[in-house]
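Source file: coords-v2.csv; contents: CSV, C-alpha atoms and all ligand atoms.
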chain,number,residue,atom,x,y,z
A,1,MET,CA,173.1,47.3,85.2
A,2,GLN,CA,170.8,49.4,83.1
A,3,HIS,CA,167.5,47.6,83.9
A,4,ASP,CA,168.2,47.5,87.6
A,5,VAL,CA,167.4,51.2,87.8
A,6,ALA,CA,163.7,50.4,87.2
A,7,THR,CA,162.3,49.8,90.6
A,8,ALA,CA,159.0,48.4,91.7
A,9,ARG,CA,157.7,51.9,92.2
A,10,ILE,CA,158.1,52.9,88.6
A,11,ALA,CA,157.7,49.6,86.9
A,12,ARG,CA,154.2,50.4,85.7
A,13,ASN,CA,155.5,53.3,83.6
A,14,ALA,CA,159.0,52.1,82.9
A,15,ALA,CA,160.1,52.3,79.3
A,16,ALA,CA,160.7,48.9,77.9
A,17,LEU,CA,164.4,48.2,77.9
A,18,SER,CA,166.3,46.0,75.6
A,19,LEU,CA,169.4,44.4,76.8
A,20,PRO,CA,171.8,43.8,73.9
A,21,ASP,CA,174.6,42.5,76.1
A,22,PRO,CA,173.8,39.2,77.7
A,23,SER,CA,177.1,39.2,79.7
A,24,GLN,CA,175.4,41.9,81.8
A,25,LEU,CA,172.5,39.6,82.6
A,26,VAL,CA,172.9,39.1,86.4
A,27,LEU,CA,170.1,38.7,88.8
A,28,ARG,CA,170.8,40.4,92.2
A,29,ASP,CA,169.0,39.7,95.4
A,30,ARG,CA,165.5,41.2,95.4
A,31,ALA,CA,165.8,42.0,91.6
A,32,VAL,CA,163.0,40.6,89.4
A,33,HIS,CA,163.4,40.5,85.6
A,34,VAL,CA,160.3,40.3,83.5
A,35,TRP,CA,161.0,39.6,79.9
A,36,MET,CA,158.3,40.5,77.3
A,37,LEU,CA,158.4,38.5,74.1
A,38,ASP,CA,156.2,39.5,71.2
A,39,GLU,CA,155.3,37.2,68.3
A,40,HIS,CA,158.2,38.4,66.2
A,41,VAL,CA,160.7,37.5,68.9
A,42,ILE,CA,158.9,34.2,69.6
A,43,GLY,CA,159.1,33.4,65.9
A,44,GLN,CA,162.8,34.2,65.7
A,45,ALA,CA,163.5,32.2,68.9
A,46,CYS,CA,161.5,29.3,67.3
A,47,SER,CA,163.8,29.2,64.3
A,48,SER,CA,167.2,29.9,66.1
A,49,LEU,CA,166.9,28.2,69.5
A,50,ALA,CA,164.6,25.2,68.9
A,51,TYR,CA,167.6,22.9,69.0
A,52,THR,CA,167.8,23.5,72.8
A,53,LEU,CA,164.4,21.7,73.4
A,54,SER,CA,164.4,18.2,75.1
A,55,GLN,CA,162.7,15.2,73.5
A,56,ASP,CA,159.7,15.7,75.9
A,57,GLU,CA,159.3,19.3,74.8
A,58,ARG,CA,159.5,18.3,71.1
A,59,GLN,CA,156.8,15.8,71.7
A,60,HIS,CA,154.7,18.3,73.6
A,61,ALA,CA,155.2,20.8,70.7
A,62,ARG,CA,154.0,18.1,68.2
A,63,ALA,CA,150.8,17.7,70.1
A,64,TYR,CA,149.6,21.2,69.3
A,65,ARG,CA,147.1,21.0,66.4
A,66,HIS,CA,147.7,24.6,65.1
A,67,GLU,CA,151.1,25.5,63.8
A,68,ARG,CA,151.0,29.0,65.4
A,69,ASP,CA,150.4,27.5,68.8
A,70,ARG,CA,153.1,25.0,68.2
A,71,ASN,CA,155.6,27.6,67.2
A,72,ASN,CA,154.6,29.9,70.1
A,73,PHE,CA,155.4,27.0,72.5
A,74,ILE,CA,158.7,26.2,70.9
A,75,GLY,CA,159.7,29.9,70.8
A,76,ARG,CA,158.8,30.8,74.4
A,77,ARG,CA,160.3,27.5,75.8
A,78,SER,CA,163.5,28.1,73.8
A,79,MET,CA,163.7,31.6,75.1
A,80,LEU,CA,163.0,30.4,78.7
A,81,ARG,CA,165.9,27.9,78.3
A,82,TRP,CA,168.2,30.5,76.8
A,83,LEU,CA,167.6,33.1,79.6
A,84,ILE,CA,167.9,30.5,82.3
A,85,GLY,CA,171.1,29.3,80.6
A,86,VAL,CA,172.5,32.8,80.8
A,87,TYR,CA,171.4,33.4,84.4
A,88,LEU,CA,172.8,30.1,85.6
A,89,CYS,CA,175.8,30.0,83.2
A,90,CYS,CA,175.0,26.7,81.7
A,91,LYS,CA,174.0,25.5,78.3
A,92,PRO,CA,170.3,25.9,77.6
A,93,GLU,CA,170.0,22.4,76.2
A,94,SER,CA,171.4,20.9,79.4
A,95,LEU,CA,168.5,22.1,81.5
A,96,ARG,CA,165.8,19.7,82.7
A,97,PHE,CA,162.4,20.7,83.7
A,98,ASN,CA,159.9,18.9,85.9
A,99,VAL,CA,156.5,19.9,87.2
A,100,SER,CA,155.5,20.2,90.8
A,101,THR,CA,152.6,18.0,92.1
A,102,LEU,CA,150.3,20.9,91.2
A,103,GLY,CA,151.7,21.4,87.8
A,104,LYS,CA,154.1,24.3,88.2
A,105,PRO,CA,157.2,23.9,86.0
A,106,VAL,CA,160.4,23.8,88.0
A,107,LEU,CA,164.0,23.2,87.3
A,108,GLN,CA,165.1,19.6,87.9
A,109,ARG,CA,168.6,20.1,86.5
A,110,PRO,CA,170.6,21.9,87.7
A,111,CYS,CA,169.0,21.1,91.1
A,112,ASP,CA,169.4,23.2,94.2
A,113,THR,CA,169.3,26.4,92.2
A,114,ARG,CA,168.1,29.6,93.8
A,115,LEU,CA,166.5,30.7,90.5
A,116,ALA,CA,162.7,31.0,90.5
A,117,PHE,CA,160.8,31.6,87.2
A,118,ASN,CA,157.3,31.6,85.8
A,119,VAL,CA,155.8,32.0,82.4
A,120,SER,CA,152.5,33.3,81.0
A,121,HIS,CA,151.3,33.8,77.5
A,122,THR,CA,148.3,35.1,75.5
A,123,ASP,CA,147.8,35.4,71.8
A,124,GLY,CA,151.3,36.2,70.6
A,125,ILE,CA,152.7,37.7,73.8
A,126,ALA,CA,154.6,36.0,76.5
A,127,LEU,CA,156.0,37.2,79.8
A,128,LEU,CA,158.9,35.3,81.5
A,129,ALA,CA,159.7,36.3,85.1
A,130,PHE,CA,162.9,35.5,87.0
A,131,ALA,CA,164.1,36.2,90.5
A,132,LEU,CA,166.2,34.5,93.2
A,133,ASN,CA,165.1,32.7,96.4
A,134,CYS,CA,161.4,33.3,96.1
A,135,ARG,CA,158.0,32.2,94.8
A,136,ILE,CA,157.1,34.0,91.7
A,137,GLY,CA,154.0,34.1,89.5
A,138,ILE,CA,153.0,36.0,86.4
A,139,ASP,CA,150.0,36.4,84.2
A,140,VAL,CA,149.2,38.2,81.0
A,141,GLU,CA,145.9,38.5,79.2
A,142,ARG,CA,144.5,40.4,76.3
A,143,ARG,CA,141.7,42.8,76.9
A,144,ILE,CA,138.2,41.5,76.0
A,145,ASN,CA,136.6,43.9,73.5
A,146,CYS,CA,133.1,42.5,73.4
A,147,ILE,CA,132.1,44.4,76.5
A,148,ASP,CA,128.3,44.6,76.3
A,149,CYS,CA,127.8,40.9,75.7
A,150,ILE,CA,129.8,39.7,78.7
A,151,ASP,CA,128.5,39.3,82.3
A,152,PHE,CA,131.8,39.7,84.0
A,153,VAL,CA,130.5,38.9,87.5
A,154,SER,CA,129.3,35.5,86.2
A,155,VAL,CA,132.7,34.8,84.5
A,156,GLY,CA,134.5,35.5,87.8
A,157,ARG,CA,132.2,33.3,89.9
A,158,GLY,CA,134.1,30.5,91.5
A,159,ILE,CA,137.4,32.3,91.0
A,160,PHE,CA,136.9,35.7,92.6
A,161,SER,CA,136.4,36.2,96.3
A,162,PRO,CA,133.2,37.9,97.6
A,163,ALA,CA,135.2,41.2,98.1
A,164,GLU,CA,136.5,41.0,94.5
A,165,GLU,CA,133.0,40.3,93.2
A,166,SER,CA,131.7,43.4,94.9
A,167,VAL,CA,134.5,45.5,93.4
A,168,LEU,CA,133.6,44.1,90.0
A,169,ALA,CA,129.8,44.6,90.5
A,170,SER,CA,130.3,48.2,91.4
A,171,ALA,CA,132.6,48.9,88.4
A,172,ARG,CA,130.6,51.3,86.3
A,173,THR,CA,133.0,52.9,83.8
A,174,ASP,CA,135.1,50.0,82.6
A,175,PRO,CA,134.0,46.7,84.0
A,176,ALA,CA,136.3,44.9,81.4
A,177,ALA,CA,139.3,46.6,82.8
A,178,THR,CA,138.3,45.9,86.4
A,179,PHE,CA,137.7,42.2,85.5
A,180,LEU,CA,141.1,41.9,83.7
A,181,SER,CA,142.9,43.5,86.6
A,182,ILE,CA,141.4,41.2,89.2
A,183,TRP,CA,141.9,38.2,86.9
A,184,THR,CA,145.5,38.8,86.1
A,185,ARG,CA,146.4,39.6,89.8
A,186,LYS,CA,144.6,36.5,91.0
A,187,GLU,CA,146.3,34.2,88.4
A,188,ALA,CA,149.7,35.7,89.2
A,189,LEU,CA,149.3,35.1,92.9
A,190,LEU,CA,148.0,31.5,92.5
A,191,LYS,CA,150.7,30.7,90.0
A,192,ALA,CA,153.3,32.0,92.5
A,193,LEU,CA,151.7,29.8,95.1
A,194,GLY,CA,152.1,26.9,92.6
A,195,GLY,CA,148.7,25.5,92.3
A,196,GLY,CA,147.1,27.9,89.8
A,197,LEU,CA,143.3,27.8,89.9
A,198,LEU,CA,143.4,24.5,91.8
A,199,ILE,CA,144.0,26.1,95.1
A,200,GLU,CA,140.8,27.6,96.4
A,201,PRO,CA,140.8,30.8,94.4
A,202,THR,CA,137.8,32.3,96.2
A,203,SER,CA,139.7,32.4,99.5
A,204,TYR,CA,142.3,34.8,98.2
A,205,THR,CA,141.5,38.5,97.7
A,206,THR,CA,143.6,40.9,95.7
A,207,GLU,CA,143.1,44.7,96.0
A,208,ASP,CA,144.8,48.0,95.3
A,209,ALA,CA,147.6,48.9,97.7
A,210,LEU,CA,147.7,52.6,97.6
A,211,ALA,CA,150.6,53.1,100.0
A,212,PRO,CA,153.6,52.1,97.8
A,213,GLY,CA,152.2,53.7,94.7
A,214,GLU,CA,150.1,53.2,91.6
A,215,GLY,CA,150.1,49.7,90.2
A,216,HIS,CA,150.8,48.0,93.5
A,217,TRP,CA,148.3,45.6,94.9
A,218,HIS,CA,148.3,43.3,97.9
A,219,ALA,CA,146.7,39.9,98.6
A,220,SER,CA,145.0,38.3,101.6
A,221,LYS,CA,143.9,34.9,102.4
A,222,LYS,CA,140.5,34.6,104.2
A,223,GLY,CA,141.0,38.2,105.5
A,224,THR,CA,144.6,37.9,106.6
A,225,ARG,CA,147.1,40.0,104.7
A,226,ILE,CA,149.9,38.1,102.9
A,227,SER,CA,152.9,40.2,103.9
A,228,GLY,CA,156.4,40.3,102.6
A,229,TRP,CA,155.4,40.2,98.9
A,230,THR,CA,155.7,42.6,96.0
A,231,CYS,CA,152.6,42.5,93.8
A,232,LEU,CA,152.4,44.7,90.7
A,233,ASP,CA,150.2,45.4,87.7
A,234,LEU,CA,152.3,45.4,84.5
A,235,SER,CA,151.3,47.6,81.7
A,236,VAL,CA,152.6,45.8,78.7
A,237,GLY,CA,150.5,47.3,75.9
A,238,ARG,CA,147.2,49.1,75.3
A,239,GLU,CA,145.2,46.0,74.9
A,240,VAL,CA,147.2,43.8,77.2
A,241,GLN,CA,147.3,43.5,81.0
A,242,GLY,CA,149.8,41.7,83.1
A,243,ALA,CA,150.4,41.1,86.8
A,244,LEU,CA,153.3,39.9,88.9
A,245,ALA,CA,153.4,38.4,92.4
A,246,VAL,CA,156.7,37.6,94.1
A,247,SER,CA,157.4,36.6,97.7
A,248,LEU,CA,160.1,39.3,98.1
A,249,ASP,CA,159.6,42.5,100.1
A,250,ASP,CA,160.2,45.7,98.1
A,251,ALA,CA,161.5,43.9,95.1
A,252,ARG,CA,163.1,45.8,92.3
A,253,VAL,CA,161.2,44.9,89.1
A,254,ALA,CA,162.5,45.6,85.6
A,255,LEU,CA,160.3,45.0,82.5
A,256,CYS,CA,162.6,44.1,79.6
A,257,ARG,CA,161.6,43.9,76.0
A,258,CYS,CA,163.3,41.1,74.3
A,259,SER,CA,164.8,41.4,70.9
A,260,PRO,CA,166.6,38.7,68.8
A,261,SER,CA,169.8,40.7,69.1
A,262,ILE,CA,170.2,39.4,72.6
A,263,TRP,CA,171.0,35.9,71.5
A,264,ALA,CA,172.5,36.8,68.2
A,265,ASN,CA,175.0,39.1,69.9
A,266,SER,CA,177.8,36.6,69.9
A,267,TYR,CA,177.0,35.3,73.4
A,268,SER,CA,178.7,32.0,73.8
A,269,PHE,CA,177.9,29.1,76.0
A,270,ALA,CA,181.1,27.4,75.0
A,271,GLY,CA,182.9,26.0,78.0
A,272,MET,CA,179.8,26.1,80.2
A,273,PRO,CA,178.5,23.0,81.8
A,274,SER,CA,176.3,20.8,79.7
B,301,LIG,C1,148.3,27.4,85.7
B,301,LIG,C2,147.1,28.1,85.1
B,301,LIG,C3,146.7,29.3,86.1
B,301,LIG,C4,147.6,28.7,83.8
B,301,LIG,O1,146.7,29.6,83.3
B,301,LIG,P1,146.6,30.1,81.8
B,301,LIG,O2,146.0,31.5,81.9
B,301,LIG,O3,145.9,29.1,81.0
B,301,LIG,O4,148.0,30.1,81.3
B,301,LIG,P2,149.2,31.1,81.4
B,301,LIG,O5,149.6,31.5,80.0
B,301,LIG,O6,149.0,32.2,82.4
B,301,LIG,O7,150.4,30.2,82.0
B,301,LIG,C5,150.8,29.1,81.3
B,301,LIG,C6,152.2,28.8,81.9
B,301,LIG,O8,152.0,28.6,83.3
B,301,LIG,C7,153.0,27.7,83.8
B,301,LIG,N1,152.2,26.8,84.7
B,301,LIG,C8,151.5,25.7,84.4
B,301,LIG,N2,151.0,25.2,85.6
B,301,LIG,C9,151.4,26.1,86.5
B,301,LIG,C10,151.1,26.1,88.0
B,301,LIG,N3,150.4,25.2,88.6
B,301,LIG,N4,151.6,27.1,88.7
B,301,LIG,C11,152.4,28.0,88.1
B,301,LIG,N5,152.6,28.1,86.8
B,301,LIG,C12,152.1,27.1,86.0
B,301,LIG,C13,153.6,27.0,82.6
B,301,LIG,O9,154.9,27.5,82.4
B,301,LIG,C14,152.7,27.4,81.4
B,301,LIG,O10,153.5,27.7,80.3
B,301,LIG,P3,153.5,26.7,79.0
B,301,LIG,O11,152.2,26.7,78.4
B,301,LIG,O12,154.6,27.2,78.1
B,301,LIG,O13,153.9,25.3,79.6
B,301,LIG,C15,145.9,27.3,84.9
B,301,LIG,O14,146.2,26.4,83.8
B,301,LIG,C16,145.5,26.5,86.1
B,301,LIG,O15,145.1,27.0,87.1
B,301,LIG,N6,145.7,25.2,86.1
B,301,LIG,C17,145.4,24.4,87.3
B,301,LIG,C18,146.5,23.6,87.6
B,301,LIG,C19,146.4,22.3,86.8
B,301,LIG,O16,145.5,22.0,86.1
B,301,LIG,N7,147.3,21.4,87.0
B,301,LIG,C20,147.3,20.1,86.4
B,301,LIG,C21,148.3,19.2,87.0
B,301,LIG,S1,147.8,18.7,88.6

Would you give me this structure, written as structure tokens?
Amino acid sequence: MQHDVATARIARNAAALSLPDPSQLVLRDRAVHVWMLDEHVIGQACSSLAYTLSQDERQHARAYRHERDRNNFIGRRSMLRWLIGVYLCCKPESLRFNVSTLGKPVLQRPCDTRLAFNVSHTDGIALLAFALNCRIGIDVERRINCIDCIDFVSVGRGIFSPAEESVLASARTDPAATFLSIWTRKEALLKALGGGLLIEPTSYTTEDALAPGEGHWHASKKGTRISGWTCLDLSVGREVQGALAVSLDDARVALCRCSPSIWANSYSFAGMPS
């Protein structure tokens, strides 16, 4: 499959791939698919796929005060449903989500699925990550432009570990980039672990892992390396930084740019379980 050729080693520089043929959408063991949705795609998904949302999700959407936020939620949740439907060969509207005790969205129906997923979004961009039999977390943030007026060390306090604070304090050339890198890595890791920022963020440290190549990082908890994970920075745009953490050794990560053609391309859920 085309996007399986992008391995973890080259994911940082991989060209964005669009996948016009959903029948080719198969997740193999150790493969991770990261889908990038821009505001155009989210808008299209909002108008074409909103019918797949559950009553709960419609109610959740109605609670957004701003139309743009509401539409962004509807679009990314619809797209999440559509992609999971394709991966699991079932109708998107048949899926039921629940949240774990610490708030991580998980699939309730179908139950016993091997599919793991996670979502992140920021100002018109969303990343949706999928893999089998693992814990997965993703984060995306826009770069902060007001560099001079921000004390990044203070912003990271209570979230960054002492080791991360000292990396940030010694960043002279581009502290905003260093901050964003640590922040996205930390959130991706904590979202993979399921608790987000609720789970003692300062006891985890993320740092560059030079051995596997540029863009790789690793994580430790209270000084002990967390092994068997693939952790990557994701370059998703000039002003946007992403990070992925997945509990799979040497995972093959593909970054796929989503276009409306993938659901308009006569893919049919007819006959699939509902
Ligand atoms: C989870 C958390 C890191 C998200 O950070 P963020 O930068 O604001 O948001 P992101 O865009 O990266 O991620 C949002 C997505 O993460 C997912 N998410 C929510 N809680 C999560 C968790 N505990 N673990 C993993 N993923 C989570 C959802 O899919 C959400 O998407 P949605 O808005 O479409 O529902 C942050 O909200 C947090 O740490 N919260 C603490 C957990 C919490 O408050 N739980 C309350 C219930 S006990």

Near region 64-72 of chain A, within 8 Å and counting only C-alpha atoms, which residues show up once chain neighbours fewer than 6 positions away are dropped, as an NGL selection string?
-> :A and (39 or 42-43 or 46 or 124)

Among listed residues A:Gly223, A:Gly85, A:Gly158, A:Gly215, nearest Gly242 (chain A) (using all atoms listed in the file) |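 So, comparing all the options, the nearest one is A:Gly215.
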
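Taking CA of Glu93 (chain A) and CA of Leu115 (chain A) as the two end points, the separation is 16.9 Å.
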
Go ahead and compute the interatomic distance for atom N3 of ligand LIG 301 (chain B) and CA of Gly237 (chain A), in Å to one decimal.
->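 Straight-line distance from atom N3 of ligand LIG 301 (chain B) to CA of Gly237 (chain A) works out to 25.5 Å.
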
Which residue gives the smallest distance to Val167 (chain A) among A:Val41, A:Glu207, A:Ala192, A:Glu187, with all atoms listed in the file counted?
->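 Distance minimum relative to Val167 (chain A) lands on A:Glu207.
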
Pick out the closest residue to ligand LIG 301 (chain B) from this set: A:Ile199, A:Leu102, A:Leu107, A:Ala31. Count only C-alpha atoms and all ligand atoms.
-> A:Leu102

Among the residues A:Ser48, A:Gln24, A:Asn145, A:Thr184, the one that comes closest to ligand LIG 301 (chain B) [using all atoms listed in the file] =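 For ligand LIG 301 (chain B), the nearest of the given residues is A:Thr184.
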
Which of these, A:Gly137, A:Met36, A:Ile84, A:Arg96, has the shortest distance to Gln55 (chain A) once you count only C-alpha atoms?
->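 Looking at the shortest contact to Gln55 (chain A), the residue is A:Arg96.
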
Shortest interatomic distance to ligand LIG 301 (chain B) - which of A:Ser120, A:Ser203, A:Thr52, A:Gln59, counting only C-alpha atoms and all ligand atoms =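 Residue with the minimum atom-to-atom distance to ligand LIG 301 (chain B): A:Ser120.
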
Can you tell me which residues come within 10 Å of ligand LIG 301 (chain B) when counting all atoms listed in the file, ideally as a ChimeraX atom specification?
-> /A:57,60-61,69,72-78,80,99-106,117-123,125-128,135-141,183-184,186-199,201,242

If you keep C-alpha atoms, can you produce a file of those selected residues as a PDB file, keeping the file's coordinate frame?
ATOM      1  CA  GLU A  57     159.300  19.300  74.800  1.00  0.00           C
ATOM      2  CA  HIS A  60     154.700  18.300  73.600  1.00  0.00           C
ATOM      3  CA  ALA A  61     155.200  20.800  70.700  1.00  0.00           C
ATOM      4  CA  ASP A  69     150.400  27.500  68.800  1.00  0.00           C
ATOM      5  CA  ASN A  72     154.600  29.900  70.100  1.00  0.00           C
ATOM      6  CA  PHE A  73     155.400  27.000  72.500  1.00  0.00           C
ATOM      7  CA  ILE A  74     158.700  26.200  70.900  1.00  0.00           C
ATOM      8  CA  GLY A  75     159.700  29.900  70.800  1.00  0.00           C
ATOM      9  CA  ARG A  76     158.800  30.800  74.400  1.00  0.00           C
ATOM     10  CA  ARG A  77     160.300  27.500  75.800  1.00  0.00           C
ATOM     11  CA  SER A  78     163.500  28.100  73.800  1.00  0.00           C
ATOM     12  CA  LEU A  80     163.000  30.400  78.700  1.00  0.00           C
ATOM     13  CA  VAL A  99     156.500  19.900  87.200  1.00  0.00           C
ATOM     14  CA  SER A 100     155.500  20.200  90.800  1.00  0.00           C
ATOM     15  CA  THR A 101     152.600  18.000  92.100  1.00  0.00           C
ATOM     16  CA  LEU A 102     150.300  20.900  91.200  1.00  0.00           C
ATOM     17  CA  GLY A 103     151.700  21.400  87.800  1.00  0.00           C
ATOM     18  CA  LYS A 104     154.100  24.300  88.200  1.00  0.00           C
ATOM     19  CA  PRO A 105     157.200  23.900  86.000  1.00  0.00           C
ATOM     20  CA  VAL A 106     160.400  23.800  88.000  1.00  0.00           C
ATOM     21  CA  PHE A 117     160.800  31.600  87.200  1.00  0.00           C
ATOM     22  CA  ASN A 118     157.300  31.600  85.800  1.00  0.00           C
ATOM     23  CA  VAL A 119     155.800  32.000  82.400  1.00  0.00           C
ATOM     24  CA  SER A 120     152.500  33.300  81.000  1.00  0.00           C
ATOM     25  CA  HIS A 121     151.300  33.800  77.500  1.00  0.00           C
ATOM     26  CA  THR A 122     148.300  35.100  75.500  1.00  0.00           C
ATOM     27  CA  ASP A 123     147.800  35.400  71.800  1.00  0.00           C
ATOM     28  CA  ILE A 125     152.700  37.700  73.800  1.00  0.00           C
ATOM     29  CA  ALA A 126     154.600  36.000  76.500  1.00  0.00           C
ATOM     30  CA  LEU A 127     156.000  37.200  79.800  1.00  0.00           C
ATOM     31  CA  LEU A 128     158.900  35.300  81.500  1.00  0.00           C
ATOM     32  CA  ARG A 135     158.000  32.200  94.800  1.00  0.00           C
ATOM     33  CA  ILE A 136     157.100  34.000  91.700  1.00  0.00           C
ATOM     34  CA  GLY A 137     154.000  34.100  89.500  1.00  0.00           C
ATOM     35  CA  ILE A 138     153.000  36.000  86.400  1.00  0.00           C
ATOM     36  CA  ASP A 139     150.000  36.400  84.200  1.00  0.00           C
ATOM     37  CA  VAL A 140     149.200  38.200  81.000  1.00  0.00           C
ATOM     38  CA  GLU A 141     145.900  38.500  79.200  1.00  0.00           C
ATOM     39  CA  TRP A 183     141.900  38.200  86.900  1.00  0.00           C
ATOM     40  CA  THR A 184     145.500  38.800  86.100  1.00  0.00           C
ATOM     41  CA  LYS A 186     144.600  36.500  91.000  1.00  0.00           C
ATOM     42  CA  GLU A 187     146.300  34.200  88.400  1.00  0.00           C
ATOM     43  CA  ALA A 188     149.700  35.700  89.200  1.00  0.00           C
ATOM     44  CA  LEU A 189     149.300  35.100  92.900  1.00  0.00           C
ATOM     45  CA  LEU A 190     148.000  31.500  92.500  1.00  0.00           C
ATOM     46  CA  LYS A 191     150.700  30.700  90.000  1.00  0.00           C
ATOM     47  CA  ALA A 192     153.300  32.000  92.500  1.00  0.00           C
ATOM     48  CA  LEU A 193     151.700  29.800  95.100  1.00  0.00           C
ATOM     49  CA  GLY A 194     152.100  26.900  92.600  1.00  0.00           C
ATOM     50  CA  GLY A 195     148.700  25.500  92.300  1.00  0.00           C
ATOM     51  CA  GLY A 196     147.100  27.900  89.800  1.00  0.00           C
ATOM     52  CA  LEU A 197     143.300  27.800  89.900  1.00  0.00           C
ATOM     53  CA  LEU A 198     143.400  24.500  91.800  1.00  0.00           C
ATOM     54  CA  ILE A 199     144.000  26.100  95.100  1.00  0.00           C
ATOM     55  CA  PRO A 201     140.800  30.800  94.400  1.00  0.00           C
ATOM     56  CA  GLY A 242     149.800  41.700  83.100  1.00  0.00           C
TER      57      GLY A 242
END

Give me the residues within 9 Å of Ala163 (chain A) as a VMD selection string, counting only C-alpha atoms and dropping any in the same chain fewer than 5 places off.
-> chain A and resid 168 205 to 207

Just give me the gap between CA of Glu165 (chain A) and CA of Val153 (chain A) in Å, one decimal is fine.
-> 6.4 Å

Using only C-alpha atoms, determine which residues lie at most 10 Å from Ala219 (chain A), disregarding the query and same-chain residues fewer than 2 positions distant; provide the list as an NGL selection string.
-> :A and (185-186 or 189 or 204-209 or 217 or 221-227 or 229-231 or 245)

Next, dump the selected residues to file, keeping only C-alpha atoms, as an mmCIF file, in the frame of the given file.
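Full text of part37.cif as output:
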data_model
loop_
_atom_site.group_PDB
_atom_site.id
_atom_site.type_symbol
_atom_site.label_atom_id
_atom_site.label_comp_id
_atom_site.auth_asym_id
_atom_site.auth_seq_id
_atom_site.Cartn_x
_atom_site.Cartn_y
_atom_site.Cartn_z
ATOM 1 C CA ARG A 185 146.400 39.600 89.800
ATOM 2 C CA LYS A 186 144.600 36.500 91.000
ATOM 3 C CA LEU A 189 149.300 35.100 92.900
ATOM 4 C CA TYR A 204 142.300 34.800 98.200
ATOM 5 C CA THR A 205 141.500 38.500 97.700
ATOM 6 C CA THR A 206 143.600 40.900 95.700
ATOM 7 C CA GLU A 207 143.100 44.700 96.000
ATOM 8 C CA ASP A 208 144.800 48.000 95.300
ATOM 9 C CA ALA A 209 147.600 48.900 97.700
ATOM 10 C CA TRP A 217 148.300 45.600 94.900
ATOM 11 C CA LYS A 221 143.900 34.900 102.400
ATOM 12 C CA LYS A 222 140.500 34.600 104.200
ATOM 13 C CA GLY A 223 141.000 38.200 105.500
ATOM 14 C CA THR A 224 144.600 37.900 106.600
ATOM 15 C CA ARG A 225 147.100 40.000 104.700
ATOM 16 C CA ILE A 226 149.900 38.100 102.900
ATOM 17 C CA SER A 227 152.900 40.200 103.900
ATOM 18 C CA TRP A 229 155.400 40.200 98.900
ATOM 19 C CA THR A 230 155.700 42.600 96.000
ATOM 20 C CA CYS A 231 152.600 42.500 93.800
ATOM 21 C CA ALA A 245 153.400 38.400 92.400
#

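Near Thr178 (chain A), within a cut-off of 10 Å and counting only C-alpha atoms, sit the residues Phe152, Glu164, Val167, Leu168, Ala169, Ser170, Ala171, Arg172, Thr173 and Trp183 of chain A, with same-chain residues fewer than 5 positions away left out.
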
Mind completing region 83-94 of chain A with N, CA and C atoms? Output as a short mmCIF file (atom, residue, chain, number, x, y, z; two decimals), keeping the file's coordinate frame, please?
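In the end it all went to result20.cif:
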data_model
loop_
_atom_site.label_atom_id
_atom_site.label_comp_id
_atom_site.auth_asym_id
_atom_site.auth_seq_id
_atom_site.Cartn_x
_atom_site.Cartn_y
_atom_site.Cartn_z
N LEU A 83 167.39 32.10 78.46
CA LEU A 83 167.60 33.10 79.60
C LEU A 83 168.06 32.35 80.83
N ILE A 84 167.47 31.20 81.14
CA ILE A 84 167.90 30.50 82.30
C ILE A 84 169.40 30.06 82.16
N GLY A 85 169.75 29.65 80.92
CA GLY A 85 171.10 29.30 80.60
C GLY A 85 172.08 30.46 80.95
N VAL A 86 171.65 31.65 80.54
CA VAL A 86 172.50 32.80 80.80
C VAL A 86 172.56 33.11 82.30
N TYR A 87 171.41 33.10 82.98
CA TYR A 87 171.40 33.40 84.40
C TYR A 87 172.23 32.40 85.21
N LEU A 88 172.16 31.13 84.79
CA LEU A 88 172.80 30.10 85.60
C LEU A 88 174.19 29.68 84.98
N CYS A 89 174.58 30.35 83.89
CA CYS A 89 175.80 30.00 83.20
C CYS A 89 175.94 28.55 82.88
N CYS A 90 174.94 28.07 82.19
CA CYS A 90 175.00 26.70 81.70
C CYS A 90 174.31 26.62 80.33
N LYS A 91 174.59 25.57 79.60
CA LYS A 91 174.00 25.50 78.30
C LYS A 91 172.51 25.27 78.32
N PRO A 92 171.76 26.01 77.51
CA PRO A 92 170.30 25.90 77.60
C PRO A 92 169.80 24.47 77.35
N GLU A 93 170.48 23.72 76.46
CA GLU A 93 170.00 22.40 76.20
C GLU A 93 170.31 21.40 77.33
N SER A 94 171.12 21.84 78.31
CA SER A 94 171.40 20.90 79.40
C SER A 94 170.37 21.00 80.54
#
